[in-house]
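Trainee: Structure provided below as structure tokens; questions to follow.
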Amino acid sequence: MTTPTRTDWEERARSLPIEGRAFVDGQYLPAADGATFDCLSPIDGRLLTQVASCAAADADLAVAAARRSFESGRWSRLAPARRKAVMIRLAELLEVHREELALLETLDMGKPIGDALKIDVPAAARALRWSGEAIDKLYGEVAATPDDELGLVTREPVGVVAAIVPWNFPLLMACWKLGPALASGNSVVLKPSEKSPLTAIRLARLAFEAGIPPGVLNVLPGYGHSVGKALALHMDVDCLVFTGSTRVAKQLMIYAGESNMKRVWLEAGGKSPNIVFADAPDLKAAAEAAAGAIAFNQGEVCTAGSRLLVERSIKDRFLPLLLEALKAWQPGHPLDPATNVGALVDRQQLDTVLGYIEAGLGEGASLLTGGRRTLEETGGTYVEPTVFDGVSNAMRIAREEIFGPVLSVITFDTPEEAVQIANDTSYGLAAAIWTRDLSKAHRTARALRAGSVWINQYDGGDMTAPFGGFKQSGNGRDKSLHAFDKYTELKATWIKL
């Protein structure tokens, strides 16, 4: 099979049909009031389509459809093995349509087409398949009872789930939620980010084609302050799951408390420390990983290794290796298969990232590389990967989530100091450790307050490992069997024999 070139992708983009309507009860619909918003590509600012701007009335329609489908039992009471077959079929449809979905993702969000095609879409399909395969292998329990009693512990779907997902991995994050939610028998209302709604809208039709009954999966594009808020406050939503910023996560908890005490599960921000000890087994490998940890997906990653903690004794050797590795991560046209750094998602995010760069300079950090907008002539939103040295953990660039390719280098002298700096944050999503000392690796990993810790690598794991955070990085877990806990209720049934 011939690998498509940039010219091929641009030709396909010109003729790509793009759906922008909401999907409710098995069909595409405009917003109830006819409102739309412009969907612009960060690649060059072009108008891709107009997207339905859903609001409270649309939330009511979608939640009602989800409730009807749930109560009907067409999906919620279907045998797990039959739900599994549909989930696997949906995963297969993602694979069949992988080039279309990858192209939509790149045009909409600005990530490199190579990443969308080889990472995002396959990983989304794996998430759906994994959850589908798991559902008929989850068993209930029998309590330890006297001979004349029987205690059963069973799982039941929670009901109507509202899922609000972010713009940085639009399809993948949706599938991390939809996999266990749908496989468990729930009905879902999915709200993609207004910054990148297109693959979620397309996914809804593919789910319908796979055999998901009408009303079981509904997709409402729109703004967080309108339709997102309406879903969070809705009295007939049983569970709310979210991936996004800590600020919004906190607000959603308030909305849940103000309404029906719906279950709320949150995966929020991060400011992940990447700790390189002097006895790291391969400094060059550690430097290359550190470059990728901040530049991949333009730094728009909740687990981005945005704080690089380097032991002082190796700093002068390590930083040149880092800067050399970062030369391989430079912005280019997202539809060029050779590109590994694309455009930031929109002008607002570009301004945010540039603002943090200015803040770093203003607070006295030393700019080693990058720091500028680039490819401005394209009309797109590109910024150079940026490295600051001489950073104090008290600086804004070290404390606040930037969501862009901006790296803060912080030095330390002892393992205890490294742990203290690493944990001195309101976040606790992920961390990495580089050392050849197994005991040090274990001791440090235990001391770090983070949901994922990687040793001698960055961003390891697969669907078998849970993902989520400590502290203000959220609660609950995506991926693995633990994810099903969010989408099911435990029922105890006690029988007198």
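Labeling convention for the structure tokens: chains A, B, ... as they appear, residues from 1 per chain, ligands from 1 in order of appearance.
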List the neighbours of region 464-479 of chain A out to 6 Å using only C-alpha atoms; skip same-chain residues closer than 3 positions along the sequence, and give me the result as a list in words.

Mentor: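 Everything that qualifies: Trp265, Leu266, Glu267, Ala268, Gly269, Ser426, Tyr427, Gly428, Leu429, Ala450, Gly451 and Ala483 of chain A.
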
Trainee: List the spatial neighbours of Gly228 (chain A) as a list in words - criterion: any atom at most 10 Å away, only C-alpha atoms, same-chain residues fewer than 5 positions off excluded.

Mentor: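 What passes the distance filter is Cys54, Ala55, Ala56, Ala59, Ala162, Ala163, Ile164, Leu190, Lys191, Pro192, Ser193, Leu220, Pro221, Gly222, Tyr223, Leu233, His234 and Leu252 of chain A.
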
Trainee: Here is a test: counting only C-alpha atoms, which residue of A:Gly34, A:Gly179, A:Gly270, A:Gly360 is nearest to Ala127 (chain A)?

Mentor: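 Ranked by minimum distance to Ala127 (chain A), first place goes to A:Gly179.
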
Trainee: Just the number, please: distance in Å from CA of Ala85 (chain A) to CA of Arg126 (chain A), one decimal.

Mentor: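 Separation between CA of Ala85 (chain A) and CA of Arg126 (chain A): 14.0 Å.
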
Trainee: Apply DSSP to the structure's backbone, then extract all residues of region 122-325 of chain A labelled helix (DSSP H, G or I) and return them as JSON, numbers by chain.

Mentor: {"A": [122, 123, 124, 125, 126, 127, 128, 129, 130, 131, 132, 133, 134, 135, 136, 137, 170, 171, 172, 173, 174, 175, 176, 177, 178, 179, 180, 181, 182, 183, 198, 199, 200, 201, 202, 203, 204, 205, 206, 207, 208, 209, 210, 224, 225, 226, 227, 228, 229, 230, 231, 232, 233, 246, 247, 248, 249, 250, 251, 252, 253, 254, 255, 256, 257, 258, 283, 284, 285, 286, 287, 288, 289, 290, 291, 292, 293, 294, 295, 296, 297, 298, 299, 312, 313, 314, 315, 316, 317, 318, 319, 320, 321, 322, 323, 324, 325]}

Trainee: May I ask for the distance between CA of Arg14 (chain A) and CA of Glu100 (chain A), given in Å to one decimal place?

Mentor: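 Calculated distance between CA of Arg14 (chain A) and CA of Glu100 (chain A) is 12.3 Å.
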
Trainee: Neighbours of Gly380 (chain A) within 10 Å (only C-alpha atoms; same-chain residues fewer than 4 positions away dropped), as an MDAnalysis selection string?

Mentor: chainID A and resid 41:46 110 333 342:347 350 373:376

Trainee: Between CA of Gly362 (chain A) and CA of Asn168 (chain A), what is the spacing in Å?

Mentor: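 Separation of CA of Asn168 (chain A) and CA of Gly362 (chain A): 28.2 Å.
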
Trainee: List the neighbours of Ser313 (chain A) out to 10 Å using only C-alpha atoms; skip same-chain residues closer than 6 positions along the sequence, and give me the result as a list in words.

Mentor: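 The residues that qualify are Phe277, Ala278, Thr411, Phe412 and Asp413 of chain A.
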
Trainee: Can you pull out every residue within 10 Å of Ala13 (chain A), counting only C-alpha atoms, but drop anything in the same chain fewer than 6 positions away, and send it as a ChimeraX atom specification?

Mentor: /A:7,48,100,103-104,107,335

Trainee: Per DSSP on the backbone, filter region 221-467 of chain A down to the residues in strand (DSSP E) and report them as a ChimeraX atom specification.

Mentor: /A:239-243,263-267,273-276,307-311,366-369,373-374,382-383,386-389,406-412,430-434,452-455

Trainee: Using only C-alpha atoms, which residue out of A:Asp316, A:Glu258, A:Glu99, A:Glu363 lies closest to Leu16 (chain A)?

Mentor: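 Looking only at the distances to Leu16 (chain A), the closest residue turns out to be A:Glu99.
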
Trainee: Nearest residue to Ala174 (chain A) out of A:Gln330, A:Asn423, A:Thr199, A:Thr386, using only C-alpha atoms?

Mentor: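 Of all the options, A:Thr199 lies closest to Ala174 (chain A).
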